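Visitor: File name protein_8.txt; file contents compact mmCIF, C-alpha atoms; full text below.
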```txt
# COMPACT_ATOMS: atom_id res chain seq x y z
CA MET A 611 10.10 -11.29 -9.95
CA ALA A 612 6.69 -9.60 -9.74
CA SER A 613 5.29 -8.07 -12.91
CA GLN A 614 3.07 -5.00 -12.85
CA ASP A 615 0.10 -7.26 -13.67
CA ASP A 616 0.92 -9.49 -10.68
CA LEU A 617 1.16 -6.43 -8.46
CA ASP A 618 -2.14 -4.99 -9.75
CA ALA A 619 -3.90 -8.32 -9.19
CA ALA A 620 -2.54 -8.52 -5.64
CA VAL A 621 -3.75 -4.98 -4.92
CA LYS A 622 -7.26 -5.96 -6.05
CA ARG A 623 -7.19 -9.05 -3.83
CA VAL A 624 -5.99 -7.02 -0.82
CA ASN A 625 -8.81 -4.53 -1.38
CA THR A 626 -11.37 -7.35 -1.19
CA LEU A 627 -10.16 -8.91 2.08
CA LYS A 628 -13.02 -9.62 4.48
CA SER A 629 -11.29 -7.73 7.28
CA ALA A 630 -8.87 -4.87 6.92
CA PRO A 631 -5.23 -5.57 7.78
CA ASN A 632 -3.85 -3.96 10.92
CA THR A 633 -2.16 -0.57 10.71
CA THR A 634 1.35 -2.01 10.56
CA ASP A 635 0.47 -4.27 7.64
CA MET A 636 -1.41 -1.45 5.86
CA LEU A 637 1.63 0.80 6.12
CA ALA A 638 3.88 -2.00 4.88
CA LEU A 639 1.58 -2.65 1.92
CA TYR A 640 1.52 1.05 1.08
CA ALA A 641 5.29 1.42 1.34
CA LEU A 642 6.04 -1.68 -0.71
CA PHE A 643 3.55 -0.71 -3.40
CA LYS A 644 4.97 2.81 -3.67
CA GLN A 645 8.54 1.51 -3.72
CA ALA A 646 7.66 -1.04 -6.41
CA SER A 647 5.78 1.42 -8.59
CA VAL A 648 7.59 4.75 -8.03
CA GLY A 649 10.92 3.95 -6.39
CA ASP A 650 12.46 5.87 -3.50
CA ALA A 651 10.28 8.37 -1.61
CA THR A 652 10.08 11.77 -3.19
CA GLY A 653 8.92 15.16 -2.03
CA SER A 654 9.07 16.56 1.44
CA ARG A 655 7.86 14.84 4.58
CA PRO A 656 4.31 15.91 5.53
CA GLY A 657 3.93 18.24 8.49
CA ILE A 658 3.34 17.13 12.05
CA PHE A 659 -0.42 17.78 11.85
CA ASP A 660 -0.79 15.37 8.91
CA VAL A 661 -0.39 12.27 11.05
CA LYS A 662 -1.64 9.80 8.44
CA GLY A 663 0.35 11.30 5.58
CA ARG A 664 3.46 11.45 7.72
CA ALA A 665 3.15 7.79 8.75
CA LYS A 666 2.70 6.73 5.14
CA TRP A 667 5.66 8.82 3.95
CA ASP A 668 7.87 7.49 6.76
CA ALA A 669 6.97 3.89 5.92
CA TRP A 670 7.78 4.51 2.26
CA ALA A 671 11.03 6.36 3.06
CA ALA A 672 12.12 3.40 5.21
CA LYS A 673 12.20 1.29 2.01
CA LYS A 674 14.76 3.62 0.40
CA GLY A 675 17.26 1.69 -1.68
CA THR A 676 15.06 -1.38 -2.03
CA PRO A 677 14.98 -2.35 -5.71
CA ARG A 678 11.55 -2.07 -7.32
CA GLU A 679 11.50 -5.78 -8.19
CA ALA A 680 12.30 -6.78 -4.61
CA ALA A 681 9.61 -4.45 -3.24
CA GLY A 682 7.07 -5.98 -5.62
CA ASP A 683 8.02 -9.48 -4.52
CA GLN A 684 7.75 -8.46 -0.86
CA TYR A 685 4.32 -6.94 -1.53
CA LEU A 686 3.13 -10.20 -3.09
CA GLU A 687 4.48 -12.20 -0.13
CA LEU A 688 2.75 -9.94 2.39
CA ALA A 689 -0.52 -10.01 0.44
CA LYS A 690 -0.37 -13.80 0.35
CA ARG A 691 0.33 -13.96 4.10
CA LEU A 692 -2.72 -11.76 4.70
CA GLY A 693 -4.86 -14.16 2.69
CA ALA A 694 -5.19 -12.12 -0.47
```
Now, as a test, write the supplied structure out as structure tokens.

Guide:
Amino acid sequence: MASQDDLDAAVKRVNTLKSAPNTTDMLALYALFKQASVGDATGSRPGIFDVKGRAKWDAWAAKKGTPREAAGDQYLELAKRLGA
């Protein structure tokens, strides 16, 4: 089970990767981090003209129901796979 300290350390490592992860992995990292730290997606879905915000919200909303601990563990696994 990932602690908040483990998650914070993984975020720092991801932010120092030599090359940025692809869009799919970036959205997965975002969604898993939000699910682990906040829980299920809140608020309304961004409008159609906010393409980036909408993609991020959709990725997070897709994790609905995932327990925070599981999302944190999945974040750590993905970060490790990306070399962070």

Visitor: Can you tell me, as a compact mmCIF listing (two decimals) with C-alpha atoms, in the frame of the given file, what residues are no more than 10 Å from Asp635 in chain A when counting only C-alpha atoms, ignoring any on the same chain fewer than 6 positions away?

Guide:
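The resulting result-v6.txt:
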```
# COMPACT_ATOMS: atom_id res chain seq x y z
CA ALA A 641 5.29 1.42 1.34
CA LEU A 688 2.75 -9.94 2.39
CA ALA A 689 -0.52 -10.01 0.44
CA LEU A 692 -2.72 -11.76 4.70
```

Visitor: Which protein, DNA or RNA residues are at most 12 Å from (6.4, -7.8, -12.8) in the file's coordinates when you count only C-alpha atoms, listed as an MDAnalysis selection string?

Guide: chainID A and resid 611:620 646:647 678:683 685:686

Visitor: For the atom pair CA of Leu637 in chain A and CA of Ala669 in chain A, what is the interatomic distance in Å to one decimal place?

Guide: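 Computing the Euclidean distance for CA of Leu637 in chain A and CA of Ala669 in chain A yields 6.2 Å.
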
Visitor: What is the CA of Arg664 in chain A to CA of Ser629 in chain A distance in Å?

Guide: 24.2 Å

Visitor: Rounded to one decimal place, report the CA of Pro631 in chain A-CA of Pro656 in chain A distance in Å.

Guide: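 These two atoms are separated by 23.6 Å.
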
Visitor: Which is closer to Thr634 in chain A than all the others in A:Arg655, A:Lys622, A:Arg691, A:Lys666, using all atoms listed in the file?

Guide: A:Lys666

Visitor: Which polymer residues have any atom within 8 Å of an atom of Ala694 in chain A, counting only C-alpha atoms, with same-chain residues fewer than 6 positions away left out, as a PyMOL selection string?

Guide: chain A and resi 620+623-624+626-627

Visitor: Keeping only C-alpha atoms, write the selected residues to a file as a PDB file, in the coordinates of the input.

Guide:
```pdb
ATOM      1  CA  ALA A 620      -2.540  -8.520  -5.640  1.00  0.00           C
ATOM      2  CA  ARG A 623      -7.190  -9.050  -3.830  1.00  0.00           C
ATOM      3  CA  VAL A 624      -5.990  -7.020  -0.820  1.00  0.00           C
ATOM      4  CA  THR A 626     -11.370  -7.350  -1.190  1.00  0.00           C
ATOM      5  CA  LEU A 627     -10.160  -8.910   2.080  1.00  0.00           C
TER       6      LEU A 627
END
```

Visitor: If the box runs along x, y and z of the file and leaves 8 Å on each side of range 653-664 of chain A, what are its centre and edge lengths in Å, one decimal, as AutoDock Vina command-line options?

Guide:
```
--center_x 3.7 --center_y 14.0 --center_z 5.0 --size_x 26.7 --size_y 24.4 --size_z 30.1
```

Visitor: Pick from A:Gln684, A:Thr633, A:Lys628, A:Lys644: nearest to Trp667 in chain A, with all atoms listed in the file counted?

Guide: A:Lys644
